[in-house]
>>> print(open('entry-v6.txt').read())   # compact mmCIF, C-alpha atoms
# COMPACT_ATOMS: atom_id res chain seq x y z
CA MET A 83 -17.33 -49.69 -27.27
CA ASN A 84 -14.37 -50.04 -24.96
CA ASN A 85 -11.70 -47.45 -25.81
CA GLN A 86 -9.17 -48.80 -23.34
CA GLU A 87 -7.79 -51.25 -25.89
CA TYR A 88 -6.60 -48.28 -28.07
CA ASP A 89 -3.75 -45.83 -27.50
CA MET A 90 -6.15 -42.90 -27.79
CA ASP A 91 -9.66 -42.47 -26.45
CA GLU A 92 -12.46 -40.34 -27.85
CA SER A 93 -11.97 -37.45 -25.44
CA GLN A 94 -8.24 -37.27 -26.27
CA PHE A 95 -9.14 -37.39 -29.94
CA ALA A 96 -11.68 -34.57 -29.49
CA ARG A 97 -9.06 -32.46 -27.70
CA ILE A 98 -6.54 -32.92 -30.50
CA VAL A 99 -9.15 -32.22 -33.19
CA ALA A 100 -10.14 -28.99 -31.43
CA ILE A 101 -6.52 -27.88 -31.71
CA TYR A 102 -5.31 -29.25 -35.02
CA GLY A 103 -8.55 -29.75 -36.95
CA GLY A 104 -9.86 -32.86 -38.64
CA GLU A 105 -6.97 -33.55 -41.04
CA ILE A 106 -4.85 -36.30 -39.51
CA GLN A 107 -1.67 -35.08 -41.25
CA HIS A 108 -1.91 -31.90 -39.17
CA PHE A 109 -1.81 -33.87 -35.91
CA PRO A 110 1.53 -34.18 -34.13
CA GLU A 111 3.27 -37.25 -35.54
CA GLU A 112 3.15 -39.16 -32.26
CA TYR A 113 -0.69 -39.11 -32.32
CA GLN A 114 -1.33 -39.88 -35.98
CA ALA A 115 -1.22 -43.69 -35.86
CA ALA A 116 -3.34 -43.90 -32.71
CA ALA A 117 -5.88 -41.45 -34.15
CA GLN A 118 -6.09 -43.41 -37.39
CA GLN A 119 -6.62 -46.60 -35.43
CA LEU A 120 -9.37 -45.00 -33.34
CA LEU A 121 -11.14 -43.67 -36.44
CA THR A 122 -11.51 -47.17 -37.90
CA HIS A 123 -13.41 -48.28 -34.81
CA SER A 124 -15.16 -45.26 -33.29
CA HIS A 125 -18.24 -43.72 -34.85
CA THR A 126 -18.08 -40.83 -32.35
CA ALA A 127 -14.49 -40.06 -33.39
CA ARG A 128 -15.51 -40.04 -37.05
CA GLN A 129 -18.35 -37.60 -36.27
CA THR A 130 -15.96 -35.34 -34.34
CA GLN A 131 -13.59 -35.43 -37.28
CA GLN A 132 -16.35 -34.58 -39.80
CA THR A 133 -17.42 -31.54 -37.78
CA ALA A 134 -13.84 -30.28 -37.66
CA LEU A 135 -13.32 -30.97 -41.36
CA THR A 136 -16.08 -28.46 -42.17
CA LEU A 137 -13.89 -25.67 -40.84
CA ASP A 138 -10.78 -27.16 -42.48
CA ASN A 139 -12.54 -27.19 -45.85
CA LEU A 140 -13.56 -23.57 -45.39
CA LEU A 141 -9.97 -22.65 -44.54
CA ASN A 142 -8.81 -24.50 -47.66
CA THR A 143 -10.95 -22.28 -49.89
CA VAL A 144 -8.49 -19.47 -49.31
CA LYS A 145 -5.97 -19.98 -52.10
CA ILE A 146 -2.89 -17.85 -52.46
CA PRO A 147 -1.52 -17.14 -55.94
CA SER A 148 2.11 -17.91 -56.68
CA PRO A 149 4.49 -14.99 -56.26
CA SER A 150 5.18 -13.11 -59.45
CA PRO A 151 8.47 -13.85 -61.24
CA LEU A 152 9.19 -10.13 -60.93
CA LEU A 153 9.39 -10.50 -57.14
CA ARG A 154 12.26 -12.98 -57.46
CA GLN A 155 14.13 -10.63 -59.79
CA ARG A 156 13.42 -7.69 -57.49
CA ILE A 157 14.86 -9.51 -54.47
CA LEU A 158 18.02 -10.60 -56.28
CA ARG A 159 18.56 -7.15 -57.79
CA ALA A 160 18.16 -5.51 -54.38
CA ALA A 161 20.65 -7.95 -52.84
CA ARG A 162 23.20 -7.23 -55.60
CA ALA A 163 22.73 -3.51 -55.13
CA ALA A 164 23.30 -3.84 -51.43
CA THR A 165 26.70 -2.59 -50.40
CA ALA A 166 29.10 -5.38 -49.71
CA PRO A 167 30.66 -5.09 -46.27
CA ASP A 168 33.99 -3.21 -46.33
CA ILE A 169 37.32 -4.64 -45.29
CA TRP A 170 36.86 -3.69 -41.62
CA GLN A 171 33.42 -5.28 -41.42
CA ARG A 172 34.76 -8.42 -43.07
CA LEU A 173 37.71 -8.49 -40.66
CA TRP A 174 35.35 -8.04 -37.73
CA GLN A 175 33.08 -10.85 -39.03
CA TRP A 176 36.08 -13.12 -39.51
CA THR A 177 37.35 -12.31 -36.04
CA ILE A 178 34.13 -12.70 -34.13
CA GLY A 179 32.42 -15.33 -36.28
CA SER A 180 28.70 -15.76 -35.77
CA SER A 181 29.06 -15.48 -32.00
CA PRO A 182 31.78 -14.20 -29.65
CA THR A 183 32.50 -17.72 -28.46
CA GLU A 184 32.65 -19.38 -31.88
CA TYR A 185 36.38 -18.90 -32.45
CA LEU A 186 38.09 -17.97 -29.19
CA TRP A 187 41.56 -18.06 -30.76
CA ARG A 188 40.73 -15.54 -33.49
CA PRO A 189 39.98 -12.54 -31.26
CA ALA A 190 42.96 -13.50 -29.08
CA VAL A 191 45.37 -13.63 -32.03
CA THR A 192 43.92 -10.47 -33.56
CA PHE A 193 44.41 -8.47 -30.39
CA LEU A 194 47.81 -9.99 -29.51
CA LEU A 195 49.39 -9.44 -32.93
CA PRO A 196 49.59 -5.60 -32.72
CA LEU A 197 50.89 -5.91 -29.16
CA LEU A 198 53.65 -8.31 -30.22
CA LEU A 199 54.50 -6.10 -33.20
CA GLY A 200 54.77 -3.03 -30.94
CA LEU A 201 56.97 -4.85 -28.43
CA THR A 202 59.28 -6.10 -31.19
CA ILE A 203 59.67 -2.66 -32.77
CA GLY A 204 60.24 -1.10 -29.34
CA PHE A 205 62.88 -3.67 -28.40
CA TYR A 206 64.88 -3.18 -31.60
CA SER A 207 64.65 0.63 -31.41
CA VAL A 208 66.13 0.68 -27.88
CA GLN A 209 68.90 -1.69 -29.00
CA ASN A 210 69.81 0.58 -31.94
CA ILE A 211 69.98 3.67 -29.71
CA ASN A 212 72.30 1.87 -27.28
CA ASN A 213 74.54 0.76 -30.15
CA ASP A 214 74.77 4.35 -31.41
CA ILE A 215 75.82 5.68 -27.97
CA HIS A 216 78.50 3.03 -27.52
CA ALA A 217 79.81 3.67 -31.03
CA GLN A 218 80.67 7.36 -30.22
CA THR A 219 84.42 7.09 -29.20
CA PRO A 220 86.54 10.20 -28.06
CA ALA A 221 88.21 10.29 -31.50
CA SER A 222 84.88 10.53 -33.24
CA LEU A 223 83.80 13.29 -30.85
CA ASN A 224 87.00 15.31 -31.76
CA MET A 225 86.22 14.88 -35.42
CA GLN A 226 82.71 16.19 -34.83
CA THR A 227 84.11 19.30 -33.04
CA THR A 228 86.55 19.99 -35.89
CA SER A 229 83.87 19.75 -38.51
CA ILE A 230 81.68 22.23 -36.60
CA GLU A 231 84.58 24.75 -36.47
CA GLN A 232 85.13 24.36 -40.20
CA GLU A 233 81.46 25.11 -40.83
CA ILE A 234 81.68 28.29 -38.73
CA ASP A 235 84.72 29.39 -40.75
CA LEU A 236 82.89 28.86 -43.98
CA LEU A 237 80.07 31.07 -42.80
CA GLY A 238 82.62 33.84 -42.12
CA LEU A 239 81.86 33.95 -38.43
CA SER A 240 85.38 33.13 -37.13
CA ASN A 241 86.95 35.03 -34.17
CA ASP A 242 89.25 37.02 -36.58
CA GLU A 243 86.30 38.73 -38.12
CA PHE A 244 84.91 39.88 -34.77
CA SER A 245 88.33 41.04 -33.42
CA GLY A 246 88.48 44.01 -35.93
CA TRP A 247 85.13 45.38 -34.69
CA GLU A 248 86.32 45.52 -31.12
CA GLN A 249 89.13 48.02 -32.01
CA MET B 69 24.22 -33.55 -58.40
CA SER B 70 22.99 -33.77 -54.85
CA GLU B 71 20.94 -30.82 -53.62
CA LEU B 72 22.75 -28.43 -51.29
CA THR B 73 21.29 -28.32 -47.81
CA ASP B 74 20.03 -25.06 -46.32
CA ASP B 75 22.98 -25.03 -43.93
CA VAL B 76 25.47 -25.28 -46.81
CA LEU B 77 23.65 -22.52 -48.69
CA MET B 78 23.73 -20.30 -45.62
CA SER B 79 27.46 -20.83 -45.11
CA GLN B 80 27.97 -19.79 -48.76
CA ILE B 81 25.72 -16.76 -48.27
CA GLN B 82 27.87 -15.83 -45.29
CA GLN B 83 30.69 -15.51 -47.85
CA GLN B 84 28.40 -13.22 -49.93
CA ASP B 85 27.82 -15.89 -52.61
CA GLU B 86 25.02 -14.52 -54.81
CA HIS B 87 24.37 -17.87 -56.48
CA ALA B 88 23.64 -19.42 -53.08
CA LEU B 89 21.18 -16.63 -52.36
CA THR B 90 19.45 -17.30 -55.69
CA LEU B 91 19.06 -20.98 -54.76
CA LEU B 92 17.75 -20.04 -51.32
CA VAL B 93 15.22 -17.61 -52.80
CA ASP B 94 14.03 -20.24 -55.29
CA ARG B 95 13.64 -22.76 -52.49
CA HIS B 96 11.74 -20.64 -49.96
CA LEU B 97 10.07 -17.79 -51.86
CA THR B 98 6.71 -19.46 -52.48
CA ALA B 99 6.19 -20.58 -48.88
CA LEU B 100 7.29 -17.26 -47.37
CA HIS B 101 5.20 -15.28 -49.82
CA ALA B 102 2.12 -17.37 -48.96
CA PHE B 103 2.78 -16.92 -45.26
CA ALA B 104 3.15 -13.13 -45.54
CA ARG B 105 0.14 -12.90 -47.85
CA ARG B 106 -2.02 -14.81 -45.37
CA MET B 107 -0.74 -12.79 -42.45
CA LEU B 108 -1.38 -9.46 -44.15
CA GLY B 109 -4.25 -10.20 -46.55
CA ASN B 110 -2.53 -8.03 -49.13
CA THR B 111 -0.24 -9.05 -51.98
CA ALA B 112 1.71 -5.79 -52.34
CA ASP B 113 2.60 -5.66 -48.64
CA ALA B 114 3.42 -9.37 -48.66
CA GLU B 115 5.88 -8.90 -51.53
CA ASP B 116 7.59 -6.00 -49.75
CA ILE B 117 7.88 -8.04 -46.56
CA VAL B 118 9.34 -11.07 -48.34
CA GLN B 119 11.88 -8.89 -50.16
CA GLU B 120 12.90 -7.29 -46.87
CA ALA B 121 13.19 -10.73 -45.24
CA PHE B 122 15.58 -12.03 -47.91
CA LEU B 123 17.64 -8.84 -47.73
CA ARG B 124 17.97 -9.34 -43.99
CA VAL B 125 19.19 -12.86 -44.63
CA TRP B 126 21.75 -11.41 -47.05
CA TYR B 127 22.91 -8.67 -44.65
CA ARG B 128 22.79 -10.68 -41.46
CA ALA B 129 23.80 -14.11 -42.68
CA HIS B 130 26.62 -14.12 -40.11
CA THR B 131 24.04 -14.29 -37.30
CA TRP B 132 22.72 -17.63 -38.60
CA GLN B 133 23.87 -20.52 -36.44
CA PRO B 134 23.45 -23.97 -37.99
CA GLY B 135 22.00 -26.60 -35.68
CA GLN B 136 20.02 -24.16 -33.56
CA ALA B 137 16.87 -24.19 -35.69
CA LYS B 138 15.70 -25.21 -39.14
CA LEU B 139 16.35 -22.47 -41.68
CA SER B 140 12.69 -22.43 -42.75
CA THR B 141 11.73 -21.79 -39.11
CA TRP B 142 14.21 -18.91 -38.92
CA LEU B 143 12.94 -17.44 -42.19
CA HIS B 144 9.32 -17.73 -41.05
CA ARG B 145 10.24 -16.00 -37.82
CA ILE B 146 11.80 -13.09 -39.74
CA VAL B 147 8.72 -12.77 -41.96
CA HIS B 148 6.41 -13.09 -38.96
CA ASN B 149 8.20 -10.33 -37.06
CA LEU B 150 8.18 -8.06 -40.10
CA CYS B 151 4.44 -8.66 -40.60
CA ILE B 152 3.71 -7.93 -36.95
CA ASP B 153 5.82 -4.76 -37.08
CA LEU B 154 3.96 -3.58 -40.16
CA GLN B 155 0.58 -4.32 -38.63
CA ARG B 156 1.47 -2.55 -35.39
CA HIS B 157 2.81 0.38 -37.36
CA ARG B 158 -0.53 0.59 -39.09
CA LYS B 159 -2.52 0.04 -35.92
CA GLY B 160 -5.68 2.06 -36.12
CA GLU B 161 -5.77 1.88 -39.88
CA LYS B 162 -8.18 -0.64 -41.30
CA MET B 163 -6.42 -3.64 -42.82
CA ASN B 164 -6.04 -3.08 -46.49
CA ILE B 165 -7.85 -6.08 -47.92
CA ASN B 166 -8.64 -5.35 -51.51
CA ILE B 167 -11.63 -7.50 -52.43
CA GLU B 168 -11.22 -6.92 -56.16
CA THR B 169 -7.61 -8.01 -56.06
CA ILE B 170 -8.56 -11.13 -54.16
CA GLN B 171 -11.26 -11.91 -56.73
CA ASP B 172 -8.76 -11.53 -59.57
CA GLU B 173 -6.18 -13.64 -57.82
CA LEU B 174 -8.54 -16.43 -56.91
CA ALA B 175 -10.46 -16.78 -60.15
CA ALA B 176 -10.66 -20.49 -60.93
CA PRO B 177 -11.24 -20.87 -64.67
CA SER B 178 -12.29 -24.54 -64.48
CA ASN B 179 -15.53 -23.80 -62.56
CA THR B 180 -18.77 -22.34 -63.79
CA PRO B 181 -19.27 -18.59 -63.15
CA GLU B 182 -21.80 -19.35 -60.37
CA GLU B 183 -19.43 -21.77 -58.66
CA ASN B 184 -16.60 -19.28 -58.98
CA LEU B 185 -18.69 -16.54 -57.45
CA LEU B 186 -19.77 -18.72 -54.53
CA GLU B 187 -16.21 -19.89 -53.95
CA GLU B 188 -14.88 -16.34 -54.08
CA GLN B 189 -17.48 -15.15 -51.59
CA THR B 190 -16.71 -18.00 -49.21
CA SER B 191 -12.99 -17.43 -49.57
CA GLN B 192 -13.38 -13.71 -48.84
CA GLN B 193 -15.46 -14.45 -45.75
CA VAL B 194 -12.89 -16.91 -44.46
CA GLU B 195 -10.02 -14.55 -45.18
CA CYS B 196 -11.78 -11.68 -43.42
CA ALA B 197 -12.54 -13.92 -40.44
CA LEU B 198 -8.87 -14.91 -40.31
CA GLN B 199 -7.76 -11.29 -40.44
CA GLU B 200 -10.07 -10.42 -37.56
CA LEU B 201 -8.49 -13.02 -35.27
CA PRO B 202 -6.07 -11.80 -32.62
CA GLU B 203 -2.54 -11.63 -33.99
CA LYS B 204 -1.09 -14.74 -32.33
CA GLN B 205 -4.14 -16.93 -32.93
CA ARG B 206 -4.02 -16.04 -36.61
CA SER B 207 -0.28 -16.72 -36.81
CA ALA B 208 -0.68 -20.09 -35.08
CA ILE B 209 -3.41 -21.25 -37.45
CA ILE B 210 -1.58 -20.04 -40.54
CA LEU B 211 1.68 -21.73 -39.51
CA CYS B 212 0.11 -25.09 -38.63
CA HIS B 213 -2.76 -25.32 -41.08
CA TYR B 214 -1.42 -23.57 -44.18
CA GLN B 215 2.36 -23.70 -43.83
CA GLY B 216 2.25 -27.31 -42.63
CA MET B 217 4.58 -26.72 -39.71
CA SER B 218 4.81 -29.07 -36.77
CA ASN B 219 3.64 -27.75 -33.42
CA ARG B 220 7.25 -27.40 -32.23
CA GLN B 221 8.34 -25.42 -35.29
CA ALA B 222 5.32 -23.12 -35.08
CA ALA B 223 5.91 -22.57 -31.38
CA GLU B 224 9.52 -21.67 -32.15
CA VAL B 225 8.46 -19.14 -34.79
CA LEU B 226 6.04 -17.51 -32.35
CA ASN B 227 8.46 -17.82 -29.45
CA VAL B 228 5.91 -19.58 -27.23
CA SER B 229 5.67 -23.03 -25.65
CA VAL B 230 3.91 -25.89 -27.46
CA THR B 231 1.16 -25.77 -24.81
CA ALA B 232 0.63 -22.06 -25.44
CA LEU B 233 0.56 -22.68 -29.17
CA GLU B 234 -2.09 -25.37 -28.75
CA SER B 235 -4.17 -23.00 -26.66
CA LEU B 236 -3.89 -20.32 -29.36
CA MET B 237 -4.91 -22.82 -32.05
CA ALA B 238 -7.91 -24.10 -30.12
CA ARG B 239 -9.18 -20.59 -29.34
CA GLY B 240 -8.56 -19.43 -32.90
CA ARG B 241 -10.44 -22.34 -34.45
CA LYS B 242 -13.32 -21.90 -32.02
CA THR B 243 -13.63 -18.20 -32.89
CA LEU B 244 -13.43 -18.93 -36.62
CA ARG B 245 -16.12 -21.59 -36.37
CA GLN B 246 -18.43 -19.21 -34.51
CA ARG B 247 -17.86 -16.34 -36.95
CA LEU B 248 -18.24 -18.43 -40.08
CA GLN B 249 -21.38 -20.18 -38.84
CA ALA B 250 -23.04 -16.88 -37.91
>>> encode(input="entry-v6.txt", output="C-alpha cells")
Amino acid sequence: MNNQEYDMDESQFARIVAIYGGEIQHFPEEYQAAAQQLLTHSHTARQTQQTALTLDNLLNTVKIPSPSPLLRQRILRAARAATAPDIWQRLWQWTIGSSPTEYLWRPAVTFLLPLLLGLTIGFYSVQNINNDIHAQTPASLNMQTTSIEQEIDLLGLSNDEFSGWEQ
Amino acid sequence: MSELTDDVLMSQIQQQDEHALTLLVDRHLTALHAFARRMLGNTADAEDIVQEAFLRVWYRAHTWQPGQAKLSTWLHRIVHNLCIDLQRHRKGEKMNINIETIQDELAAPSNTPEENLLEEQTSQQVECALQELPEKQRSAIILCHYQGMSNRQAAEVLNVSVTALESLMARGRKTLRQRLQA
C-alpha cells in the first residue's frame, strides 16, 4: 500500500500511538482526522492500534468513585470559616489588583493622596500663623501687658506687698 | 439562565462571593478529586488535597489572571503541586494504598462475583503499576488519559514543553506495558 496519498503514514501513526495510546480521541486534534483516514486503509495501523488499546483497556479498569457529598460540605464550611481579609488587606488588593501593573493609576493615586493632604494642611497652617502675627497691633500688645499686671495683683504679688518686707 | 463562565466565577470569588465558590466547587470537584485520587492512590489524602486546593483558590483568588490559562488547568496545577509536595514529604514511607478500600470502592454490583474479583485484581495491579511510575510520567498519563486534557494543557500543568510531555507519556506507557505483561 502506498501511504504517500494520506496525510499520515504508518510510522507517524505508530509514534503517536506510542505516546497517546490507541484511542483516537486522545490524539492531538490536528492528527485525529488523518489517523482515522489511515485506519480505514491500513491493516498495519489497525494492528498497532489494537496492541495499544490493550494497555488503554487495562488503564480503564481503574475506576474512581465519586467524591462523597460530605467533601463538598467540608470544603464550603472551611471556606466560610476562613477569616475574611481585613480592611488593610482589601485596600492593598484593591490598590495592587492581581498584578502590580494591572492598575497603574491606583497605586499612584493611593500614594499621592496623603502627600497632597499633608501639603494642603501644611499650607493652611502656615497661612494661619502669619495671619495671627500680623493681627497683633501695638494696642493689642498694651492690652495684653495690662491684663498680665492685673493677674499679678490678684495673686497678691504686687510691688506694695514686697516693699514692707524690705524695711 | 446562561451558565457563568469560570472567569466570571473567579472575578466574583475575588470579591469573596461564597455562592460563586459553591458553583466552582460543584463544577470542578469531581475531576479534581479523581485527579488527586489517581495521583495518590488514596481517597482520604485525595480529599484533603482537594479541600486544600479549593481553600487556596478562595484565599488567593486575587492571583488568578483571566486569559493566561484555563481555570481547570490552573486548578489541576494546584492539585498536582499539592500531591507532589505530599508525596515528597512522605518520601521513604511506602505509599498508603489500601487494597481493601479500593475493593470496596470499585465493587461493581452488575457483574458476577468471579468477574468482580478478576476486575478488582486487574484494577489493583494497574493502579499499583501506575503508582510505581516516576512522578512526572505518572502525572502525564493521568492528565492525558484519565483527565482528558490536551497535550498543551497537560504540559502547562506540569510546566514542561509539549515535546517533553510526549517523551514522558511514551516512556510511561512503555514501562506500564512491560510491568503489566510480566
>>> interface_residues(input="entry-v6.txt", of="chain A", to="chain B", cutoff="10 Å", atoms="all atoms listed in the file", output="PyMOL selection string")
chain A and resi 97-103+105+107-111+134+136-138+140-150+153-158+160-162+164-167+172+175-176+178-181+184
>>> write_last_selection(input="entry-v6.txt", atoms="C-alpha atoms", output="PDB file, in the coordinates of the input")
ATOM      1  CA  ARG A  97      -9.060 -32.460 -27.700  1.00  0.00           C
ATOM      2  CA  ILE A  98      -6.540 -32.920 -30.500  1.00  0.00           C
ATOM      3  CA  VAL A  99      -9.150 -32.220 -33.190  1.00  0.00           C
ATOM      4  CA  ALA A 100     -10.140 -28.990 -31.430  1.00  0.00           C
ATOM      5  CA  ILE A 101      -6.520 -27.880 -31.710  1.00  0.00           C
ATOM      6  CA  TYR A 102      -5.310 -29.250 -35.020  1.00  0.00           C
ATOM      7  CA  GLY A 103      -8.550 -29.750 -36.950  1.00  0.00           C
ATOM      8  CA  GLU A 105      -6.970 -33.550 -41.040  1.00  0.00           C
ATOM      9  CA  GLN A 107      -1.670 -35.080 -41.250  1.00  0.00           C
ATOM     10  CA  HIS A 108      -1.910 -31.900 -39.170  1.00  0.00           C
ATOM     11  CA  PHE A 109      -1.810 -33.870 -35.910  1.00  0.00           C
ATOM     12  CA  PRO A 110       1.530 -34.180 -34.130  1.00  0.00           C
ATOM     13  CA  GLU A 111       3.270 -37.250 -35.540  1.00  0.00           C
ATOM     14  CA  ALA A 134     -13.840 -30.280 -37.660  1.00  0.00           C
ATOM     15  CA  THR A 136     -16.080 -28.460 -42.170  1.00  0.00           C
ATOM     16  CA  LEU A 137     -13.890 -25.670 -40.840  1.00  0.00           C
ATOM     17  CA  ASP A 138     -10.780 -27.160 -42.480  1.00  0.00           C
ATOM     18  CA  LEU A 140     -13.560 -23.570 -45.390  1.00  0.00           C
ATOM     19  CA  LEU A 141      -9.970 -22.650 -44.540  1.00  0.00           C
ATOM     20  CA  ASN A 142      -8.810 -24.500 -47.660  1.00  0.00           C
ATOM     21  CA  THR A 143     -10.950 -22.280 -49.890  1.00  0.00           C
ATOM     22  CA  VAL A 144      -8.490 -19.470 -49.310  1.00  0.00           C
ATOM     23  CA  LYS A 145      -5.970 -19.980 -52.100  1.00  0.00           C
ATOM     24  CA  ILE A 146      -2.890 -17.850 -52.460  1.00  0.00           C
ATOM     25  CA  PRO A 147      -1.520 -17.140 -55.940  1.00  0.00           C
ATOM     26  CA  SER A 148       2.110 -17.910 -56.680  1.00  0.00           C
ATOM     27  CA  PRO A 149       4.490 -14.990 -56.260  1.00  0.00           C
ATOM     28  CA  SER A 150       5.180 -13.110 -59.450  1.00  0.00           C
ATOM     29  CA  LEU A 153       9.390 -10.500 -57.140  1.00  0.00           C
ATOM     30  CA  ARG A 154      12.260 -12.980 -57.460  1.00  0.00           C
ATOM     31  CA  GLN A 155      14.130 -10.630 -59.790  1.00  0.00           C
ATOM     32  CA  ARG A 156      13.420  -7.690 -57.490  1.00  0.00           C
ATOM     33  CA  ILE A 157      14.860  -9.510 -54.470  1.00  0.00           C
ATOM     34  CA  LEU A 158      18.020 -10.600 -56.280  1.00  0.00           C
ATOM     35  CA  ALA A 160      18.160  -5.510 -54.380  1.00  0.00           C
ATOM     36  CA  ALA A 161      20.650  -7.950 -52.840  1.00  0.00           C
ATOM     37  CA  ARG A 162      23.200  -7.230 -55.600  1.00  0.00           C
ATOM     38  CA  ALA A 164      23.300  -3.840 -51.430  1.00  0.00           C
ATOM     39  CA  THR A 165      26.700  -2.590 -50.400  1.00  0.00           C
ATOM     40  CA  ALA A 166      29.100  -5.380 -49.710  1.00  0.00           C
ATOM     41  CA  PRO A 167      30.660  -5.090 -46.270  1.00  0.00           C
ATOM     42  CA  ARG A 172      34.760  -8.420 -43.070  1.00  0.00           C
ATOM     43  CA  GLN A 175      33.080 -10.850 -39.030  1.00  0.00           C
ATOM     44  CA  TRP A 176      36.080 -13.120 -39.510  1.00  0.00           C
ATOM     45  CA  ILE A 178      34.130 -12.700 -34.130  1.00  0.00           C
ATOM     46  CA  GLY A 179      32.420 -15.330 -36.280  1.00  0.00           C
ATOM     47  CA  SER A 180      28.700 -15.760 -35.770  1.00  0.00           C
ATOM     48  CA  SER A 181      29.060 -15.480 -32.000  1.00  0.00           C
ATOM     49  CA  GLU A 184      32.650 -19.380 -31.880  1.00  0.00           C
TER      50      GLU A 184
END
>>> residues_around(input="entry-v6.txt", residues="stretch 112-118 of chain A", least_positions_apart="4", cutoff="8 Å", atoms="all atoms listed in the file", output="ChimeraX atom specification")
/A:88-90,95,106-107,122
>>> atom_distance(input="entry-v6.txt", atom1="atom CA of B:Ile81", atom2="atom CA of B:Ile117")
19.9 Å
>>> atom_distance(input="entry-v6.txt", atom1="atom CA of B:Ser207", atom2="atom CA of B:His148")
7.9 Å
>>> closest_residue(input="entry-v6.txt", among="B:Ala104, B:Ala112, B:Leu185, B:Ala223", to="B:Val147", atoms="only C-alpha atoms")
B:Ala104
>>> atom_distance(input="entry-v6.txt", atom1="atom CA of B:Arg145", atom2="atom CA of B:Leu211")
10.4 Å
>>> closest_residue(input="entry-v6.txt", among="B:Leu92, B:Leu226, B:Glu182, B:Val76", to="B:Asn149", atoms="all atoms listed in the file")
B:Leu226
>>> build_atoms(input="entry-v6.txt", residues="stretch 119-132 of chain B", atoms="N, CA, C and O atoms", output="tab-separated table (two decimals), keeping the file's coordinate frame")
chain	number	residue	atom	x	y	z
B	119	GLN	N	10.63	-9.48	-49.65
B	119	GLN	CA	11.88	-8.89	-50.16
B	119	GLN	C	12.76	-8.45	-48.99
B	119	GLN	O	13.95	-8.73	-48.95
B	120	GLU	N	12.15	-7.77	-48.03
B	120	GLU	CA	12.90	-7.29	-46.87
B	120	GLU	C	13.49	-8.47	-46.09
B	120	GLU	O	14.63	-8.40	-45.61
B	121	ALA	N	12.71	-9.55	-45.99
B	121	ALA	CA	13.19	-10.73	-45.24
B	121	ALA	C	14.44	-11.32	-45.90
B	121	ALA	O	15.43	-11.62	-45.22
B	122	PHE	N	14.40	-11.47	-47.23
B	122	PHE	CA	15.58	-12.03	-47.91
B	122	PHE	C	16.78	-11.08	-47.83
B	122	PHE	O	17.92	-11.53	-47.74
B	123	LEU	N	16.52	-9.79	-47.86
B	123	LEU	CA	17.64	-8.84	-47.73
B	123	LEU	C	18.26	-8.94	-46.35
B	123	LEU	O	19.47	-8.82	-46.19
B	124	ARG	N	17.42	-9.17	-45.35
B	124	ARG	CA	17.97	-9.34	-43.99
B	124	ARG	C	18.83	-10.59	-43.91
B	124	ARG	O	19.86	-10.61	-43.23
B	125	VAL	N	18.37	-11.64	-44.60
B	125	VAL	CA	19.19	-12.86	-44.63
B	125	VAL	C	20.54	-12.54	-45.28
B	125	VAL	O	21.59	-12.96	-44.78
B	126	TRP	N	20.53	-11.77	-46.32
B	126	TRP	CA	21.75	-11.41	-47.05
B	126	TRP	C	22.68	-10.56	-46.17
B	126	TRP	O	23.87	-10.81	-46.09
B	127	TYR	N	22.11	-9.56	-45.49
B	127	TYR	CA	22.91	-8.67	-44.65
B	127	TYR	C	23.39	-9.36	-43.37
B	127	TYR	O	24.49	-9.12	-42.91
B	128	ARG	N	22.50	-10.16	-42.81
B	128	ARG	CA	22.79	-10.68	-41.46
B	128	ARG	C	23.05	-12.18	-41.46
B	128	ARG	O	22.72	-12.87	-40.49
B	129	ALA	N	23.56	-12.66	-42.57
B	129	ALA	CA	23.80	-14.11	-42.68
B	129	ALA	C	24.74	-14.59	-41.58
B	129	ALA	O	24.64	-15.73	-41.12
B	130	HIS	N	25.65	-13.70	-41.12
B	130	HIS	CA	26.62	-14.12	-40.11
B	130	HIS	C	25.95	-14.44	-38.77
B	130	HIS	O	26.56	-15.09	-37.92
B	131	THR	N	24.71	-13.98	-38.57
B	131	THR	CA	24.04	-14.29	-37.30
B	131	THR	C	23.37	-15.67	-37.31
B	131	THR	O	22.92	-16.14	-36.29
B	132	TRP	N	23.33	-16.29	-38.49
B	132	TRP	CA	22.72	-17.63	-38.60
B	132	TRP	C	23.65	-18.67	-37.96
B	132	TRP	O	24.84	-18.70	-38.24
